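Content type mmCIF, C-alpha atoms and all ligand atoms, from the file final.cif:
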data_input
#
loop_
_atom_site.group_PDB
_atom_site.id
_atom_site.type_symbol
_atom_site.label_atom_id
_atom_site.label_comp_id
_atom_site.auth_asym_id
_atom_site.auth_seq_id
_atom_site.Cartn_x
_atom_site.Cartn_y
_atom_site.Cartn_z
ATOM 1 C CA MET A 289 15.536 8.032 20.545
ATOM 2 C CA THR A 290 13.015 10.850 20.496
ATOM 3 C CA VAL A 291 9.966 11.409 18.333
ATOM 4 C CA LYS A 292 10.473 14.467 16.153
ATOM 5 C CA ASN A 293 7.147 14.487 14.328
ATOM 6 C CA LYS A 294 3.813 12.738 14.578
ATOM 7 C CA PHE A 295 0.454 12.710 12.850
ATOM 8 C CA THR A 296 -2.855 11.064 13.581
ATOM 9 C CA MET A 297 -5.913 10.563 11.418
ATOM 10 C CA THR A 298 -9.241 8.788 11.490
ATOM 11 C CA LEU A 299 -10.776 7.422 8.320
ATOM 12 C CA ASP A 300 -14.020 5.753 7.333
ATOM 13 C CA ALA A 301 -13.364 2.079 6.565
ATOM 14 C CA LYS A 302 -14.135 2.434 2.872
ATOM 15 C CA SER A 303 -12.101 0.932 0.071
ATOM 16 C CA ALA A 304 -11.801 4.323 -1.650
ATOM 17 C CA ASN A 305 -9.640 5.377 1.330
ATOM 18 C CA GLU A 306 -7.003 2.686 0.764
ATOM 19 C CA SER A 307 -5.073 4.800 -1.734
ATOM 20 C CA PHE A 308 -5.638 7.941 0.352
ATOM 21 C CA ALA A 309 -4.176 6.331 3.504
ATOM 22 C CA ARG A 310 -1.016 5.089 1.801
ATOM 23 C CA ALA A 311 -0.528 8.412 -0.009
ATOM 24 C CA CYS A 312 -0.750 10.298 3.331
ATOM 25 C CA ILE A 313 1.791 8.099 5.058
ATOM 26 C CA SER A 314 4.204 8.156 2.156
ATOM 27 C CA ALA A 315 4.018 11.965 2.016
ATOM 28 C CA PHE A 316 4.744 12.066 5.755
ATOM 29 C CA ALA A 317 7.606 9.540 5.445
ATOM 30 C CA ALA A 318 9.167 11.744 2.740
ATOM 31 C CA GLN A 319 10.549 13.893 5.578
ATOM 32 C CA LEU A 320 13.061 11.090 6.266
ATOM 33 C CA ASP A 321 14.315 11.234 2.666
ATOM 34 C CA PRO A 322 13.594 7.585 1.827
ATOM 35 C CA THR A 323 14.525 5.877 -1.426
ATOM 36 C CA LEU A 324 11.800 5.064 -3.947
ATOM 37 C CA GLU A 325 11.995 1.437 -2.845
ATOM 38 C CA GLU A 326 11.590 2.321 0.835
ATOM 39 C CA ILE A 327 8.572 4.507 0.052
ATOM 40 C CA SER A 328 7.048 1.750 -1.993
ATOM 41 C CA ASP A 329 7.625 -0.800 0.795
ATOM 42 C CA ILE A 330 5.890 1.464 3.309
ATOM 43 C CA LYS A 331 2.971 2.157 0.972
ATOM 44 C CA THR A 332 2.458 -1.535 0.353
ATOM 45 C CA ALA A 333 2.581 -2.474 4.046
ATOM 46 C CA VAL A 334 0.118 0.304 4.935
ATOM 47 C CA SER A 335 -2.197 -0.789 2.141
ATOM 48 C CA GLU A 336 -2.194 -4.342 3.563
ATOM 49 C CA ALA A 337 -3.078 -3.241 7.081
ATOM 50 C CA VAL A 338 -5.755 -0.764 5.978
ATOM 51 C CA THR A 339 -7.320 -3.262 3.570
ATOM 52 C CA ASN A 340 -7.473 -5.856 6.360
ATOM 53 C CA CYS A 341 -9.475 -3.406 8.506
ATOM 54 C CA ILE A 342 -11.974 -2.936 5.680
ATOM 55 C CA VAL A 343 -12.215 -6.526 4.461
ATOM 56 C CA HIS A 344 -11.879 -8.486 7.714
ATOM 57 C CA ALA A 345 -12.365 -6.275 10.768
ATOM 58 C CA TYR A 346 -15.583 -4.607 9.663
ATOM 59 C CA GLY A 347 -16.699 -6.738 6.710
ATOM 60 C CA GLU A 348 -20.209 -5.623 5.831
ATOM 61 C CA THR A 349 -20.466 -3.305 8.843
ATOM 62 C CA PHE A 350 -19.459 0.341 9.057
ATOM 63 C CA GLY A 351 -16.439 1.418 11.092
ATOM 64 C CA LYS A 352 -13.433 3.670 11.397
ATOM 65 C CA ILE A 353 -9.711 3.186 10.945
ATOM 66 C CA TYR A 354 -7.336 4.972 13.311
ATOM 67 C CA ILE A 355 -3.903 5.689 11.871
ATOM 68 C CA SER A 356 -0.893 7.355 13.412
ATOM 69 C CA ALA A 357 2.725 7.671 12.364
ATOM 70 C CA GLU A 358 5.843 8.923 14.116
ATOM 71 C CA LEU A 359 9.259 9.902 12.826
ATOM 72 C CA THR A 360 12.207 9.542 15.179
ATOM 73 C CA ASP A 361 15.555 11.323 15.308
ATOM 74 C CA THR A 362 17.099 7.918 14.532
ATOM 75 C CA ASN A 363 15.367 7.954 11.110
ATOM 76 C CA ILE A 364 12.733 5.373 11.952
ATOM 77 C CA ILE A 365 9.097 5.589 10.914
ATOM 78 C CA LYS A 366 6.673 3.906 13.259
ATOM 79 C CA ILE A 367 3.108 3.349 12.049
ATOM 80 C CA LYS A 368 0.057 2.279 14.003
ATOM 81 C CA ILE A 369 -3.150 1.107 12.298
ATOM 82 C CA ARG A 370 -6.072 0.248 14.533
ATOM 83 C CA ASP A 371 -9.653 -0.892 14.078
ATOM 84 C CA LYS A 372 -12.539 -1.581 16.426
ATOM 85 C CA GLY A 373 -13.744 -4.552 14.405
ATOM 86 C CA CYS A 374 -14.178 -8.272 15.009
ATOM 87 C CA GLY A 375 -10.654 -8.996 16.222
ATOM 88 C CA ILE A 376 -8.430 -11.990 15.461
ATOM 89 C CA GLU A 377 -8.875 -15.220 17.403
ATOM 90 C CA ASN A 378 -5.537 -16.821 16.606
ATOM 91 C CA ILE A 379 -2.912 -14.246 15.645
ATOM 92 C CA GLU A 380 -0.141 -16.772 15.031
ATOM 93 C CA LYS A 381 -2.304 -18.670 12.578
ATOM 94 C CA ALA A 382 -3.557 -15.486 10.885
ATOM 95 C CA MET A 383 0.056 -14.470 10.230
ATOM 96 C CA GLU A 384 0.992 -17.719 8.478
ATOM 97 C CA PRO A 385 1.643 -17.147 4.772
ATOM 98 C CA LEU A 386 -1.290 -18.203 2.555
ATOM 99 C CA TYR A 387 -3.668 -18.388 5.523
ATOM 100 C CA THR A 388 -6.926 -16.579 4.784
ATOM 101 C CA THR A 389 -10.450 -16.784 6.141
ATOM 102 C CA VAL A 390 -11.795 -15.282 2.925
ATOM 103 C CA GLY A 391 -11.231 -17.820 0.173
ATOM 104 C CA GLY A 392 -11.438 -17.108 -3.524
ATOM 105 C CA GLU A 393 -9.831 -13.846 -4.478
ATOM 106 C CA ARG A 394 -7.540 -13.295 -1.475
ATOM 107 C CA ALA A 395 -4.048 -14.755 -1.350
ATOM 108 C CA GLY A 396 -3.541 -14.778 2.420
ATOM 109 C CA LEU A 397 -0.271 -12.882 2.060
ATOM 110 C CA GLY A 398 -1.040 -9.520 3.677
ATOM 111 C CA PHE A 399 0.864 -10.210 6.902
ATOM 112 C CA ALA A 400 3.721 -11.866 4.990
ATOM 113 C CA VAL A 401 4.061 -8.705 2.890
ATOM 114 C CA MET A 402 4.033 -6.436 5.972
ATOM 115 C CA GLN A 403 6.715 -8.584 7.626
ATOM 116 C CA SER A 404 8.876 -8.722 4.560
ATOM 117 C CA PHE A 405 8.684 -4.995 3.718
ATOM 118 C CA MET A 406 8.946 -3.547 7.249
ATOM 119 C CA ASP A 407 11.644 -4.183 9.884
ATOM 120 C CA ASN A 408 9.190 -4.956 12.635
ATOM 121 C CA VAL A 409 5.487 -5.873 12.734
ATOM 122 C CA LYS A 410 3.493 -6.360 15.919
ATOM 123 C CA VAL A 411 -0.127 -7.476 16.058
ATOM 124 C CA SER A 412 -2.345 -7.205 19.090
ATOM 125 C CA SER A 413 -5.986 -8.121 18.958
ATOM 126 C CA ARG A 414 -9.004 -8.946 21.070
ATOM 127 C CA VAL A 415 -12.005 -10.768 19.699
ATOM 128 C CA GLY A 416 -14.979 -8.439 19.550
ATOM 129 C CA LYS A 417 -12.821 -5.398 20.418
ATOM 130 C CA GLY A 418 -10.489 -4.871 17.503
ATOM 131 C CA THR A 419 -6.944 -5.116 16.209
ATOM 132 C CA THR A 420 -3.854 -2.929 16.311
ATOM 133 C CA ILE A 421 -0.938 -3.319 13.912
ATOM 134 C CA THR A 422 2.285 -1.558 14.859
ATOM 135 C CA MET A 423 5.100 -1.572 12.362
ATOM 136 C CA SER A 424 8.354 0.261 11.912
ATOM 137 C CA LYS A 425 11.075 0.715 9.363
ATOM 138 C CA LYS A 426 14.473 2.338 9.518
ATOM 139 C CA ILE A 427 15.097 4.657 6.593
ATOM 140 C CA SER A 428 18.640 4.692 5.254
ATOM 141 C CA ARG A 429 20.380 8.034 5.574
ATOM 142 C CA ARG A 430 21.540 9.197 2.173
ATOM 143 C CA PHE A 431 22.332 12.903 1.888
ATOM 144 C CA ASN A 432 21.110 14.440 5.120
ATOM 145 C CA ILE A 433 24.177 13.815 7.285
ATOM 146 C CA ASN A 434 22.931 16.243 9.911
ATOM 147 C CA GLY A 435 19.500 14.625 9.973
ATOM 148 C CA MET B 268 -7.098 1.756 -12.894
ATOM 149 C CA SER B 269 -7.299 0.693 -16.528
ATOM 150 C CA VAL B 270 -7.404 -2.523 -18.558
ATOM 151 C CA LYS B 271 -6.831 -2.707 -22.309
ATOM 152 C CA ILE B 272 -7.454 -6.021 -23.991
ATOM 153 C CA ASN B 273 -5.777 -7.248 -27.146
ATOM 154 C CA VAL B 274 -6.708 -10.529 -28.834
ATOM 155 C CA THR B 275 -4.369 -12.151 -31.374
ATOM 156 C CA GLY B 276 -5.322 -15.658 -32.420
ATOM 157 C CA GLU B 277 -5.419 -17.770 -29.262
ATOM 158 C CA VAL B 278 -3.603 -15.201 -27.142
ATOM 159 C CA VAL B 279 -5.364 -12.654 -24.942
ATOM 160 C CA THR B 280 -3.188 -9.859 -23.606
ATOM 161 C CA ALA B 281 -4.480 -7.615 -20.829
ATOM 162 C CA TYR B 282 -2.533 -4.366 -20.436
ATOM 163 C CA LEU B 283 -3.089 -3.282 -16.840
ATOM 164 C CA GLY B 284 -2.542 0.268 -15.642
ATOM 165 C CA GLY B 285 -2.748 2.420 -12.532
ATOM 166 C CA GLU B 286 -3.044 1.162 -8.961
ATOM 167 C CA LEU B 287 -4.021 -2.421 -8.225
ATOM 168 C CA ASP B 288 -5.487 -2.726 -4.737
ATOM 169 C CA HIS B 289 -8.618 -4.116 -3.103
ATOM 170 C CA HIS B 290 -10.583 -1.076 -4.320
ATOM 171 C CA THR B 291 -9.681 -1.519 -8.000
ATOM 172 C CA ALA B 292 -9.148 -5.300 -8.241
ATOM 173 C CA LYS B 293 -12.788 -6.210 -8.832
ATOM 174 C CA GLU B 294 -13.155 -4.088 -11.952
ATOM 175 C CA MET B 295 -9.837 -5.322 -13.344
ATOM 176 C CA ARG B 296 -10.744 -8.911 -12.641
ATOM 177 C CA GLU B 297 -14.097 -8.591 -14.399
ATOM 178 C CA ALA B 298 -12.554 -7.044 -17.512
ATOM 179 C CA ILE B 299 -9.972 -9.847 -17.726
ATOM 180 C CA ASP B 300 -12.496 -12.618 -17.052
ATOM 181 C CA ASN B 301 -14.891 -11.271 -19.697
ATOM 182 C CA ALA B 302 -12.146 -11.323 -22.316
ATOM 183 C CA VAL B 303 -11.112 -14.846 -21.326
ATOM 184 C CA GLU B 304 -14.672 -16.188 -21.394
ATOM 185 C CA LEU B 305 -15.319 -14.605 -24.767
ATOM 186 C CA ASN B 306 -12.095 -15.686 -26.490
ATOM 187 C CA MET B 307 -11.108 -18.943 -24.736
ATOM 188 C CA PRO B 308 -7.361 -18.274 -25.170
ATOM 189 C CA THR B 309 -4.636 -20.898 -24.747
ATOM 190 C CA LEU B 310 -2.417 -18.158 -23.320
ATOM 191 C CA LEU B 311 -3.305 -15.164 -21.149
ATOM 192 C CA ILE B 312 -0.669 -12.453 -20.842
ATOM 193 C CA LEU B 313 -0.987 -9.945 -18.007
ATOM 194 C CA ASP B 314 1.155 -6.929 -18.831
ATOM 195 C CA PHE B 315 2.123 -4.883 -15.745
ATOM 196 C CA LYS B 316 4.171 -2.175 -17.468
ATOM 197 C CA ASP B 317 1.844 0.669 -16.460
ATOM 198 C CA VAL B 318 0.902 -0.589 -12.997
ATOM 199 C CA ASN B 319 2.437 1.808 -10.480
ATOM 200 C CA PHE B 320 1.216 0.178 -7.277
ATOM 201 C CA MET B 321 0.159 -3.304 -6.254
ATOM 202 C CA ASP B 322 -0.535 -4.964 -2.909
ATOM 203 C CA SER B 323 -1.585 -8.532 -2.086
ATOM 204 C CA SER B 324 -4.942 -7.890 -3.789
ATOM 205 C CA GLY B 325 -2.943 -8.087 -7.033
ATOM 206 C CA ILE B 326 -1.422 -11.407 -5.972
ATOM 207 C CA GLY B 327 -4.956 -12.658 -5.340
ATOM 208 C CA LEU B 328 -5.962 -11.478 -8.793
ATOM 209 C CA VAL B 329 -3.068 -13.318 -10.471
ATOM 210 C CA MET B 330 -3.651 -16.518 -8.464
ATOM 211 C CA GLY B 331 -7.381 -16.429 -9.194
ATOM 212 C CA ARG B 332 -6.827 -16.031 -12.949
ATOM 213 C CA TYR B 333 -4.332 -18.909 -12.841
ATOM 214 C CA ARG B 334 -6.873 -21.166 -11.128
ATOM 215 C CA ASN B 335 -9.438 -20.421 -13.850
ATOM 216 C CA LEU B 336 -6.953 -20.984 -16.684
ATOM 217 C CA VAL B 337 -5.655 -24.378 -15.523
ATOM 218 C CA LYS B 338 -9.201 -25.726 -15.776
ATOM 219 C CA THR B 339 -9.022 -25.306 -19.563
ATOM 220 C CA GLY B 340 -5.321 -26.165 -19.824
ATOM 221 C CA ALA B 341 -4.391 -22.600 -20.748
ATOM 222 C CA GLU B 342 -1.193 -20.851 -19.654
ATOM 223 C CA LEU B 343 -0.487 -17.587 -17.864
ATOM 224 C CA HIS B 344 2.415 -15.204 -18.506
ATOM 225 C CA ILE B 345 3.264 -12.022 -16.646
ATOM 226 C CA THR B 346 5.266 -9.437 -18.536
ATOM 227 C CA GLN B 347 7.005 -6.107 -17.883
ATOM 228 C CA ALA B 348 6.525 -6.152 -14.112
ATOM 229 C CA PRO B 349 8.182 -3.044 -12.606
ATOM 230 C CA PRO B 350 10.794 -3.791 -9.890
ATOM 231 C CA GLN B 351 8.535 -3.338 -6.857
ATOM 232 C CA ILE B 352 5.770 -5.441 -8.393
ATOM 233 C CA TYR B 353 8.269 -8.083 -9.467
ATOM 234 C CA LYS B 354 9.401 -8.234 -5.829
ATOM 235 C CA MET B 355 5.797 -8.805 -4.672
ATOM 236 C CA LEU B 356 5.181 -11.532 -7.262
ATOM 237 C CA LYS B 357 8.434 -13.259 -6.263
ATOM 238 C CA LEU B 358 7.494 -13.116 -2.593
ATOM 239 C CA ALA B 359 4.264 -14.905 -3.489
ATOM 240 C CA GLY B 360 6.114 -17.545 -5.531
ATOM 241 C CA ILE B 361 4.121 -16.688 -8.651
ATOM 242 C CA GLU B 362 6.925 -17.943 -10.918
ATOM 243 C CA ARG B 363 5.808 -21.471 -9.980
ATOM 244 C CA LEU B 364 2.416 -20.788 -11.607
ATOM 245 C CA ALA B 365 3.272 -18.466 -14.454
ATOM 246 C CA LYS B 366 6.182 -17.354 -16.585
ATOM 247 C CA LEU B 367 7.344 -14.149 -14.917
ATOM 248 C CA GLU B 368 9.206 -11.354 -16.701
ATOM 249 C CA GLY B 369 10.362 -8.093 -15.175
ATOM 250 C CA ARG B 370 10.588 -4.776 -16.949
HETATM 251 N N1 LIG C 1 -7.796 -6.224 11.127
HETATM 252 C C1 LIG C 1 -8.226 -7.506 11.127
HETATM 253 N N2 LIG C 1 -9.370 -7.847 11.807
HETATM 254 C C2 LIG C 1 -9.809 -9.125 11.820
HETATM 255 N N3 LIG C 1 -9.186 -10.151 11.184
HETATM 256 C C3 LIG C 1 -8.048 -9.876 10.499
HETATM 257 C C4 LIG C 1 -7.510 -8.549 10.436
HETATM 258 N N4 LIG C 1 -6.395 -8.598 9.688
HETATM 259 C C5 LIG C 1 -6.229 -9.876 9.313
HETATM 260 N N5 LIG C 1 -7.220 -10.661 9.798
HETATM 261 C C6 LIG C 1 -7.340 -12.131 9.616
HETATM 262 O O1 LIG C 1 -6.058 -12.649 9.285
HETATM 263 C C7 LIG C 1 -6.110 -13.357 8.036
HETATM 264 C C8 LIG C 1 -4.817 -13.187 7.286
HETATM 265 O O2 LIG C 1 -4.622 -11.830 6.889
HETATM 266 P P1 LIG C 1 -3.715 -11.529 5.606
HETATM 267 O O3 LIG C 1 -3.731 -10.072 5.356
HETATM 268 O O4 LIG C 1 -2.379 -12.168 5.788
HETATM 269 O O5 LIG C 1 -4.457 -12.333 4.430
HETATM 270 P P2 LIG C 1 -5.836 -11.954 3.699
HETATM 271 O O6 LIG C 1 -6.232 -10.558 4.031
HETATM 272 O O7 LIG C 1 -6.820 -13.014 4.006
HETATM 273 O O8 LIG C 1 -5.416 -12.050 2.153
HETATM 274 P P3 LIG C 1 -4.577 -10.924 1.341
HETATM 275 O O9 LIG C 1 -4.034 -9.945 2.332
HETATM 276 O O10 LIG C 1 -3.477 -11.689 0.663
HETATM 277 O O11 LIG C 1 -5.517 -10.316 0.392
HETATM 278 C C9 LIG C 1 -7.341 -12.823 7.326
HETATM 279 O O12 LIG C 1 -7.879 -13.738 6.403
HETATM 280 C C10 LIG C 1 -8.289 -12.535 8.503
HETATM 281 O O13 LIG C 1 -8.939 -13.703 8.912
HETATM 282 MG MG MG C 2 -4.926 -8.953 3.880
#
Conversion result in structure tokens:
Amino acid sequence: MTVKNKFTMTLDAKSANESFARACISAFAAQLDPTLEEISDIKTAVSEAVTNCIVHAYGETFGKIYISAELTDTNIIKIKIRDKGCGIENIEKAMEPLYTTVGGERAGLGFAVMQSFMDNVKVSSRVGKGTTITMSKKISRRFNING
Amino acid sequence: MSVKINVTGEVVTAYLGGELDHHTAKEMREAIDNAVELNMPTLLILDFKDVNFMDSSGIGLVMGRYRNLVKTGAELHITQAPPQIYKMLKLAGIERLAKLEGR
């Protein structure tokens, strides 16, 4: 497996950038000729991870979100979304469906959505340092037999 | 993001449009809650026909509206959810709280 294309970007952790981030990654993923459903899955998963950086990692403080994505010759998109925010104390607990530290208007389903819409989701985090989400999805090959 | 409200008797229908994420949810929520407070419906219908993106912020919005409605004994229906949004609502088990109809 080799990486055939890669992009990196840094964004201010502002809610106005949520739609921008998912639009960028879906435009990049288009090179793998995904179905509408695959594109939508990727957009949703990216939106979850980016929103978590804004809502949880930085909260009321200012920070940046570091995003990169790679396309492989095996038709896999691999996405990394990183923040330098507060970090997660108990990752296992944070990933449980319906678990949220912000009651009220949040469902606690962000990680469940990422896991259900992507093939693989990995979370690494250090309290006070930040969090990195790595996720990947294999895109079905439809017309481009020669890749 | 857009919300159009229609009131017919005891039914409030909110026609949602555009992208529903953390950035837009607050404004949508306020428009819906204003209409509910003003009209005290027995049924709130959230129509998703023109929503072209939704993440878990939308699930939070639906769950939050449900929690408010049960207090007054009112019901919640979700109509015309496009396939991808239907999939999200199913994943969240929303059909246990509200009648759920796809597009
Ligand atoms: N980047 C992050 N930095 C710090 N804490 C995080 C981060 N991402 C998630 N968390 C923690 O993990 C919990 C669960 O995240 P998840 O996305 O599943 O739910 P949520 O964001 O609380 O609600 P929802 O995503 O449904 O709106 C959060 O409540 C938060 O405590
Ligand atoms: Mg979340």
Discussion item. Show me the residues close to (2.4, 0.0, -5.1) - anything with an atom within 10 Å, counting all atoms listed in the file - and format the list as a PyMOL selection string.
Written reply: (chain A and resi 307+310+325+327-333+335) or (chain B and resi 285-288+318-323+325+349+351-352+355)
Discussion item. Translate the PyMOL selection byres (((not hetatm)) within 10 of (chain C and resi 2)) into a concrete residue list for this structure, as number ranges by chain.
Written reply: A: 333, 335-344, 382-383, 387-390, 394-402; B: 289, 322-324, 327
Worksheet item: How far is it from CA of Phe316 (chain A) to CA of Ser424 (chain A), in Å with one decimal?
Response: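 Answer for the CA of Phe316 (chain A) to CA of Ser424 (chain A) separation: 13.8 Å.
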Worksheet item: If you measure from CA of Ile299 (chain B) to CA of Gly340 (chain B), what distance in Å do you get, rounded to one decimal?
Response: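 So the answer is 17.1 Å.
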Worksheet item: Got a sec: who's within 12 Å of Cys312 (chain A), counting all atoms listed in the file, leaving out chain neighbours fewer than 2 positions off, as number ranges by chain?
Response: A: 295-299, 305-310, 314-318, 327, 330-331, 334-335, 355-357, 367
Worksheet item: For ligand LIG 1 (chain C), which of B:Ala292, B:Leu283, B:Leu336, B:Ile312 is the closest residue, counting all atoms listed in the file?
Response: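 Checking each of B:Ala292, B:Leu283, B:Leu336, B:Ile312 against ligand LIG 1 (chain C), counting all atoms listed in the file, the winner is B:Ala292.
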Discussion item. Using only C-alpha atoms and all ligand atoms for the distances, tell me which of B:Gly276, B:Gly331, B:Gly284, B:Pro308 is nearest to ligand LIG 1 (chain C).
Written reply: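 The answer is B:Gly331, which sits nearest to ligand LIG 1 (chain C).
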Item to complete: Go through B:Met268, B:Leu358, B:Ile345, B:Val279 and flag the residue nearest Met307 (chain B), using all atoms listed in the file for the distances.
Response: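 Answer, going by the shortest atom-to-atom distance: B:Val279.
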Worksheet item: When the PyMOL selection byres (((chain B and resi 366) around 12) and not hetatm) is applied to the file above, which residues end up in the set, as a VMD selection string?
Response: chain B and resid 310 to 314 329 333 342 to 348 353 356 to 357 360 to 365 367 to 369
Ligand LIG 1 (chain C): axis-aligned bounding box, 8 Å on each side, centre and edge lengths in Å, one decimal, as JSON:
{"center_x": -6.1, "center_y": -10.0, "center_z": 6.1, "size_x": 23.4, "size_y": 23.5, "size_z": 27.4}
Item to complete: Kindly resolve the PyMOL selection byres (((chain B and resi 272) around 12) and not hetatm) on the present coordinates and return the residues as number ranges by chain.
Response: B: 269-271, 273-275, 278-284, 295, 297-303, 305-306, 311-314
Missing atoms in region 308-333 of chain A: can you complete it with N, CA and C atoms, as a short mmCIF file (atom, residue, chain, number, x, y, z; two decimals), keeping the file's coordinate frame?
data_model
loop_
_atom_site.label_atom_id
_atom_site.label_comp_id
_atom_site.auth_asym_id
_atom_site.auth_seq_id
_atom_site.Cartn_x
_atom_site.Cartn_y
_atom_site.Cartn_z
N PHE A 308 -5.82 6.70 -0.41
CA PHE A 308 -5.64 7.94 0.35
C PHE A 308 -4.72 7.71 1.56
N ALA A 309 -4.96 6.62 2.29
CA ALA A 309 -4.18 6.33 3.50
C ALA A 309 -2.70 6.12 3.15
N ARG A 310 -2.44 5.35 2.11
CA ARG A 310 -1.02 5.09 1.80
C ARG A 310 -0.34 6.33 1.22
N ALA A 311 -1.11 7.16 0.51
CA ALA A 311 -0.53 8.41 -0.01
C ALA A 311 -0.16 9.35 1.14
N CYS A 312 -1.03 9.44 2.16
CA CYS A 312 -0.75 10.30 3.33
C CYS A 312 0.53 9.86 4.03
N ILE A 313 0.63 8.57 4.31
CA ILE A 313 1.79 8.10 5.06
C ILE A 313 3.06 8.24 4.23
N SER A 314 2.96 8.02 2.93
CA SER A 314 4.20 8.16 2.16
C SER A 314 4.62 9.62 2.06
N ALA A 315 3.66 10.54 2.02
CA ALA A 315 4.02 11.96 2.02
C ALA A 315 4.68 12.35 3.34
N PHE A 316 4.17 11.79 4.43
CA PHE A 316 4.74 12.07 5.76
C PHE A 316 6.15 11.47 5.86
N ALA A 317 6.31 10.24 5.39
CA ALA A 317 7.61 9.54 5.44
C ALA A 317 8.67 10.25 4.61
N ALA A 318 8.23 11.04 3.62
CA ALA A 318 9.17 11.74 2.74
C ALA A 318 10.12 12.64 3.53
N GLN A 319 9.70 13.06 4.73
CA GLN A 319 10.55 13.89 5.58
C GLN A 319 11.84 13.18 5.99
N LEU A 320 11.85 11.85 5.92
CA LEU A 320 13.06 11.09 6.27
C LEU A 320 13.93 10.81 5.04
N ASP A 321 13.56 11.39 3.90
CA ASP A 321 14.32 11.23 2.67
C ASP A 321 14.53 9.77 2.27
N PRO A 322 13.46 9.00 2.19
CA PRO A 322 13.59 7.58 1.83
C PRO A 322 13.88 7.40 0.34
N THR A 323 14.37 6.23 -0.02
CA THR A 323 14.52 5.88 -1.43
C THR A 323 13.15 5.52 -1.99
N LEU A 324 13.07 5.45 -3.30
CA LEU A 324 11.80 5.06 -3.95
C LEU A 324 11.36 3.68 -3.47
N GLU A 325 12.33 2.79 -3.28
CA GLU A 325 12.00 1.44 -2.84
C GLU A 325 11.45 1.44 -1.41
N GLU A 326 12.08 2.24 -0.55
CA GLU A 326 11.59 2.32 0.84
C GLU A 326 10.17 2.87 0.89
N ILE A 327 9.91 3.92 0.11
CA ILE A 327 8.57 4.51 0.05
C ILE A 327 7.55 3.48 -0.42
N SER A 328 7.94 2.74 -1.44
CA SER A 328 7.05 1.75 -1.99
C SER A 328 6.77 0.62 -0.99
N ASP A 329 7.79 0.22 -0.26
CA ASP A 329 7.62 -0.80 0.80
C ASP A 329 6.62 -0.33 1.85
N ILE A 330 6.77 0.91 2.28
CA ILE A 330 5.89 1.46 3.31
C ILE A 330 4.45 1.55 2.79
N LYS A 331 4.31 2.05 1.58
CA LYS A 331 2.97 2.16 0.97
C LYS A 331 2.28 0.80 0.91
N THR A 332 3.04 -0.21 0.52
CA THR A 332 2.46 -1.54 0.35
C THR A 332 2.04 -2.10 1.71
N ALA A 333 2.90 -1.95 2.71
CA ALA A 333 2.58 -2.47 4.05
C ALA A 333 1.35 -1.78 4.62
#
